[in-house]
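Working notes, structure below.
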Amino acid sequence: MAENNKPQWDVWRELDDLRQRHKELGPMFARVGVAPEFAQMANILRLDLQRKPPTQPLATGERDKDAQAQEDYKRAFSSHYEEVLFKAENFLRMPWPEETQFLAPGILQETESLRRALARNPLVSPPLDKLDALIEEYSNLDKIDERLDRDAIEARKQELIDVLGFPLLVRRQLAHPEWELLPPLASDDYRQLLASKIGNYRQAGWLSSKLFDKWYVALEFDAIWARLKRDANDRERIISQLKLNWPKLGNWAPDFPHADLIWYLMLVLACVIALFTEWWWTAGGLLIWLQLSVIIEKHHAQLVNKRRQALLLECGRFKRIRDQISSGKFDASQVLRQLKQFNFRHYVSDQGMSLLQSMSMQVF
């Protein structure tokens, strides 16, 4: 593709903006280490570790009241630490790069050690410095040692950009056609590219979401719509599809400009020369040929117009389905029924049809 002077556009930044607007994308970004909510949760957990336990109540001199206050104190003291340890264990269940999981056993082992210490000395605060350090290391990828497979995390991030960034790339291309980021929507190159992208999206199960299911289906139908419009408005393409093979120069040299016009002018000129030279059989044959050509060309024009009208009718029907999908509010089962009803299934790629069928089986 040609190089263009275009403004800087960062697909990763736009994906991050999208993450902030759609919570369902949070776990995907967390798996590549981008999760501000996770960092916030870690900070809150570390603050909880620094909180002081309840203080022992003062004696009032009343035996029953002091005994009850002591029991309440023991329960509050135990509950304080149990709540913190439970939060630490639950923290490990939050989405985060799987390459950090080698640190999880150490955190779990430390929580169990703290529980045993509390069981031995119920009213003695156990040291939480080690657990705090482990939580800090686990939640901060930059502080993890060389055991962390950073290449794997980076590869996962690139997969996320490649798969989830494609719909954004198409949107950017439509907004700025001069950038030439992608092939034209109606081209076979784009059709193959889109099929491969949908295939990659289907294979990357960890990136599946209702939002991108709808976006990829919309891309599929936008491409079909672009091809239908092109076919309906391209007369030469319709003629080539109908395989109208009446002998003429345009069939033998389709790239030659005004080939048919030149062909019939040559036949007329040959007929005139034959008449002047009194080659009657040749002139008669050429006249018959020209008359047949007129009849055949009229018939071909009728076939082309008939085919164009059929394509325009298909465009109108397909546009209603496409507009429904573009709105983002559609029932995949209903779309499949409409495709079958109007015989449009052959327009949809195997990958697009597979995605639609999987959406129809989801419970929204």
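Letters A, B, ... mark the chains of the structure tokens in the order given; residue numbers begin at 1 per chain; ligand numbers begin at 1, in order shown.
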Neighbouring residues of A:Ala204 were defined as those with any atom within 10 Å, considering only C-alpha atoms; residues of the same chain fewer than 6 positions away were excluded. Please report them as an mmCIF file with N, CA, C and O atoms, in the first residue's frame.
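That gives us selection_4.cif:
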data_model
loop_
_atom_site.group_PDB
_atom_site.id
_atom_site.type_symbol
_atom_site.label_atom_id
_atom_site.label_comp_id
_atom_site.auth_asym_id
_atom_site.auth_seq_id
_atom_site.Cartn_x
_atom_site.Cartn_y
_atom_site.Cartn_z
ATOM 1 N N GLU A 159 -1.872 -10.336 20.314
ATOM 2 C CA GLU A 159 -3.045 -11.054 19.814
ATOM 3 C C GLU A 159 -4.312 -10.250 20.087
ATOM 4 O O GLU A 159 -5.204 -10.157 19.236
ATOM 5 N N LEU A 160 -4.395 -9.649 21.259
ATOM 6 C CA LEU A 160 -5.549 -8.814 21.598
ATOM 7 C C LEU A 160 -5.655 -7.634 20.633
ATOM 8 O O LEU A 160 -6.739 -7.317 20.142
ATOM 9 N N VAL A 163 -6.720 -8.942 17.081
ATOM 10 C CA VAL A 163 -8.089 -9.455 16.961
ATOM 11 C C VAL A 163 -9.120 -8.377 17.270
ATOM 12 O O VAL A 163 -10.043 -8.138 16.484
ATOM 13 N N ILE A 198 -12.097 -13.095 11.316
ATOM 14 C CA ILE A 198 -13.192 -13.729 12.060
ATOM 15 C C ILE A 198 -12.752 -15.101 12.550
ATOM 16 O O ILE A 198 -13.060 -15.509 13.686
#
- Message: For stretch 317-327 of chain A, find every residue with an atom within 7 Å (counting only C-alpha atoms), except residues of its own chain fewer than 5 positions away, and show them as a VMD selection string.
- Response: chain A and resid 218 221 to 222 225
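Distance check against A:Ala119 using only C-alpha atoms: of A:Gln158, A:Ala104, A:Glu99, A:Tyr81, the minimum falls on A:Tyr81.
Taking only C-alpha atoms into account, A:Arg191 lies nearest to A:Asp350 out of the set A:Glu98, A:Asp213, A:Asp350, A:Asp10.
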